[in-house]
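A.B. asks: Please see the structure below; I have some questions.
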Amino acid sequence: MILPAHQTGTVQSGDVTIFYRKFGAPGRTPVLIVHGLSYFSYDWIDHAARIATEREVVAIDMRGFGQSSCSPARDYKLEAMSGD
């Protein structure tokens with residue numbers, strides 16, 4: 001399967017490393033895709049690519065999911081996750 005063009009990277013947030021996929025380029029209002037339970041940024045690749053025609057779209061793996069690291073302090077409170 002050929003994946004739509006996008007960049008991947010990581011960013012440190014507190015005690016975790018957050019993995020992300022970035023599509024498109026700055027333009028109209030950017031979009032952040034945050035998956036639900038049992039999903040990952042990978043599941044949103046096709047959707048993100050479709051809406052990234054005139055804007056930047058970033059899909060993340062939340063802490064403890066996909067390629068993001070788990071919290072050593074087991075901090076999965078809403079405040080920590082929204083801070084990511």
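Labeling convention for the structure tokens: chains A, B, ... as they appear, residues from 1 per chain, ligands from 1 in order of appearance.
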Which residues are close to A:Thr29, i.e. within 9 Å by only C-alpha atoms, leaving aside same-chain residues fewer than 5 positions away? Reply as a ChimeraX atom specification.
C.D. replies: /A:54-56
A.B. asks: Can you write just those residues out, C-alpha atoms, as a compact mmCIF listing (two decimals), in the first residue's frame?
C.D. replies:
```txt
# COMPACT_ATOMS: atom_id res chain seq x y z
CA GLU A 54 -5.34 23.98 1.58
CA ARG A 55 -4.17 23.61 5.16
CA GLU A 56 -1.83 21.85 7.52
```
A.B. asks: So which residues of chain A fall under strand (DSSP E) by DSSP, listed as a ChimeraX atom specification?
C.D. replies: /A:7-13,16-23,28-34,55-61
A.B. asks: Name the residues in contact with A:Lys77 at a cut-off of 12 Å, using only C-alpha atoms, excluding same-chain residues fewer than 6 positions from it; report them as a list in words.
C.D. replies: Met62, Arg63, Ser71, Gly83 and Asp84 of chain A
A.B. asks: Export N, CA, C and O atoms of the chosen residues as a short mmCIF file (atom, residue, chain, number, x, y, z; two decimals), in the first residue's frame?
C.D. replies:
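The resulting file, selection_25.cif, is shown below:
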```cif
data_model
loop_
_atom_site.label_atom_id
_atom_site.label_comp_id
_atom_site.auth_asym_id
_atom_site.auth_seq_id
_atom_site.Cartn_x
_atom_site.Cartn_y
_atom_site.Cartn_z
N MET A 62 -1.76 9.57 20.75
CA MET A 62 -1.83 10.03 22.14
C MET A 62 -0.86 9.24 23.00
O MET A 62 -0.44 8.14 22.63
N ARG A 63 -0.50 9.81 24.15
CA ARG A 63 0.42 9.13 25.06
C ARG A 63 -0.05 7.72 25.36
O ARG A 63 -1.22 7.47 25.61
N SER A 71 3.59 6.94 29.70
CA SER A 71 4.00 7.80 30.81
C SER A 71 4.58 6.96 31.94
O SER A 71 3.87 6.15 32.52
N GLY A 83 -2.66 18.75 27.36
CA GLY A 83 -1.41 19.48 27.28
C GLY A 83 -0.51 18.98 26.17
O GLY A 83 0.28 19.72 25.59
N ASP A 84 -0.61 17.68 25.89
CA ASP A 84 0.19 17.11 24.80
C ASP A 84 -0.20 17.73 23.47
O ASP A 84 0.60 17.97 22.62
#
```
A.B. asks: Measure the distance from atom CA of A:Val34 to atom CA of A:Ile60 in Å and round it to one decimal.
C.D. replies: 5.9 Å
A.B. asks: Name all residues at most 10 Å from A:Ala49 (count only C-alpha atoms; drop same-chain ones fewer than 3 positions away) and give them as a list in words.
C.D. replies: Leu3, Pro4, Ala5, His6, Lys22, Phe23, Gly24, Trp44, Ile45, Asp46, Ala52, Thr53, Glu56, Val57 and Val58 of chain A
A.B. asks: Write the residues of the selection above to a file with N, CA, C and O atoms, as a PDB file, in the first residue's frame.
C.D. replies:
```
ATOM      1  N   LEU A   3       1.350   5.035   0.870  1.00  0.00           N
ATOM      2  CA  LEU A   3       0.767   6.031   1.772  1.00  0.00           C
ATOM      3  C   LEU A   3       0.835   7.416   1.145  1.00  0.00           C
ATOM      4  O   LEU A   3       1.808   7.747   0.467  1.00  0.00           O
ATOM      5  N   PRO A   4      -0.182   8.261   1.397  1.00  0.00           N
ATOM      6  CA  PRO A   4      -0.117   9.649   0.930  1.00  0.00           C
ATOM      7  C   PRO A   4       1.109  10.348   1.527  1.00  0.00           C
ATOM      8  O   PRO A   4       1.554  10.014   2.634  1.00  0.00           O
ATOM      9  N   ALA A   5       1.638  11.317   0.802  1.00  0.00           N
ATOM     10  CA  ALA A   5       2.827  12.045   1.257  1.00  0.00           C
ATOM     11  C   ALA A   5       2.552  12.754   2.579  1.00  0.00           C
ATOM     12  O   ALA A   5       1.535  13.431   2.732  1.00  0.00           O
ATOM     13  N   HIS A   6       3.452  12.546   3.526  1.00  0.00           N
ATOM     14  CA  HIS A   6       3.380  13.247   4.810  1.00  0.00           C
ATOM     15  C   HIS A   6       4.716  13.101   5.526  1.00  0.00           C
ATOM     16  O   HIS A   6       5.545  12.286   5.151  1.00  0.00           O
ATOM     17  N   LYS A  22       2.345  14.798   9.803  1.00  0.00           N
ATOM     18  CA  LYS A  22       1.962  16.127   9.320  1.00  0.00           C
ATOM     19  C   LYS A  22       1.720  16.081   7.824  1.00  0.00           C
ATOM     20  O   LYS A  22       2.531  15.577   7.059  1.00  0.00           O
ATOM     21  N   PHE A  23       0.578  16.642   7.426  1.00  0.00           N
ATOM     22  CA  PHE A  23       0.148  16.671   6.028  1.00  0.00           C
ATOM     23  C   PHE A  23      -0.042  18.114   5.597  1.00  0.00           C
ATOM     24  O   PHE A  23      -0.375  18.974   6.408  1.00  0.00           O
ATOM     25  N   GLY A  24       0.087  18.374   4.305  1.00  0.00           N
ATOM     26  CA  GLY A  24      -0.210  19.694   3.759  1.00  0.00           C
ATOM     27  C   GLY A  24       0.805  20.744   4.150  1.00  0.00           C
ATOM     28  O   GLY A  24       1.930  20.451   4.550  1.00  0.00           O
ATOM     29  N   TRP A  44      -5.849   7.522  10.410  1.00  0.00           N
ATOM     30  CA  TRP A  44      -6.386   8.779   9.888  1.00  0.00           C
ATOM     31  C   TRP A  44      -5.626   9.295   8.671  1.00  0.00           C
ATOM     32  O   TRP A  44      -5.892  10.389   8.184  1.00  0.00           O
ATOM     33  N   ILE A  45      -4.684   8.522   8.138  1.00  0.00           N
ATOM     34  CA  ILE A  45      -3.848   8.981   7.034  1.00  0.00           C
ATOM     35  C   ILE A  45      -4.677   9.408   5.825  1.00  0.00           C
ATOM     36  O   ILE A  45      -4.497  10.507   5.297  1.00  0.00           O
ATOM     37  N   ASP A  46      -5.573   8.579   5.360  1.00  0.00           N
ATOM     38  CA  ASP A  46      -6.361   8.922   4.170  1.00  0.00           C
ATOM     39  C   ASP A  46      -7.222  10.153   4.391  1.00  0.00           C
ATOM     40  O   ASP A  46      -7.301  11.039   3.539  1.00  0.00           O
ATOM     41  N   ALA A  52      -6.077  18.048   3.687  1.00  0.00           N
ATOM     42  CA  ALA A  52      -4.852  18.849   3.744  1.00  0.00           C
ATOM     43  C   ALA A  52      -4.556  19.582   2.444  1.00  0.00           C
ATOM     44  O   ALA A  52      -3.435  20.030   2.234  1.00  0.00           O
ATOM     45  N   THR A  53      -5.526  19.739   1.581  1.00  0.00           N
ATOM     46  CA  THR A  53      -5.267  20.381   0.293  1.00  0.00           C
ATOM     47  C   THR A  53      -4.970  21.868   0.428  1.00  0.00           C
ATOM     48  O   THR A  53      -4.208  22.412  -0.368  1.00  0.00           O
ATOM     49  N   GLU A  56      -2.675  22.812   6.828  1.00  0.00           N
ATOM     50  CA  GLU A  56      -1.828  21.855   7.521  1.00  0.00           C
ATOM     51  C   GLU A  56      -2.719  20.971   8.395  1.00  0.00           C
ATOM     52  O   GLU A  56      -3.621  21.469   9.070  1.00  0.00           O
ATOM     53  N   VAL A  57      -2.471  19.674   8.367  1.00  0.00           N
ATOM     54  CA  VAL A  57      -3.214  18.724   9.183  1.00  0.00           C
ATOM     55  C   VAL A  57      -2.202  17.874   9.936  1.00  0.00           C
ATOM     56  O   VAL A  57      -1.258  17.353   9.335  1.00  0.00           O
ATOM     57  N   VAL A  58      -2.383  17.753  11.245  1.00  0.00           N
ATOM     58  CA  VAL A  58      -1.483  16.938  12.059  1.00  0.00           C
ATOM     59  C   VAL A  58      -2.329  15.906  12.795  1.00  0.00           C
ATOM     60  O   VAL A  58      -3.330  16.246  13.427  1.00  0.00           O
TER      61      VAL A  58
END
```
A.B. asks: DSSP on the backbone: which residues in chain A end up as alpha helix (DSSP H)? Give the answer as a ChimeraX atom specification.
C.D. replies: /A:45-51,78-83
A.B. asks: Using only C-alpha atoms, which residue out of A:Asp61, A:Gln7, A:Ser69, A:Glu79 lies closest to A:Tyr39?
C.D. replies: A:Asp61
A.B. asks: Got a sec: who's within 9 Å of A:Thr10, counting only C-alpha atoms, leaving out chain neighbours fewer than 4 positions off, as an NGL selection string?
C.D. replies: :A and (17-21 or 68)
A.B. asks: Write a file of the just-selected residues containing C-alpha atoms, as an mmCIF file, in the first residue's frame.
C.D. replies:
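Below you can see selection.cif, which holds the result:
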```
data_model
loop_
_atom_site.group_PDB
_atom_site.id
_atom_site.type_symbol
_atom_site.label_atom_id
_atom_site.label_comp_id
_atom_site.auth_asym_id
_atom_site.auth_seq_id
_atom_site.Cartn_x
_atom_site.Cartn_y
_atom_site.Cartn_z
ATOM 1 C CA THR A 17 7.379 11.514 23.528
ATOM 2 C CA ILE A 18 4.449 12.215 21.189
ATOM 3 C CA PHE A 19 4.558 10.838 17.640
ATOM 4 C CA TYR A 20 2.848 12.826 14.878
ATOM 5 C CA ARG A 21 2.113 12.772 11.149
ATOM 6 C CA SER A 68 4.077 7.613 21.328
#
```
A.B. asks: Nearest to A:Gly9: which of A:Ala59, A:Tyr76, A:Met81, A:Pro26 is it, counting only C-alpha atoms?
C.D. replies: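 Under the stated criterion, the closest residue is A:Ala59.
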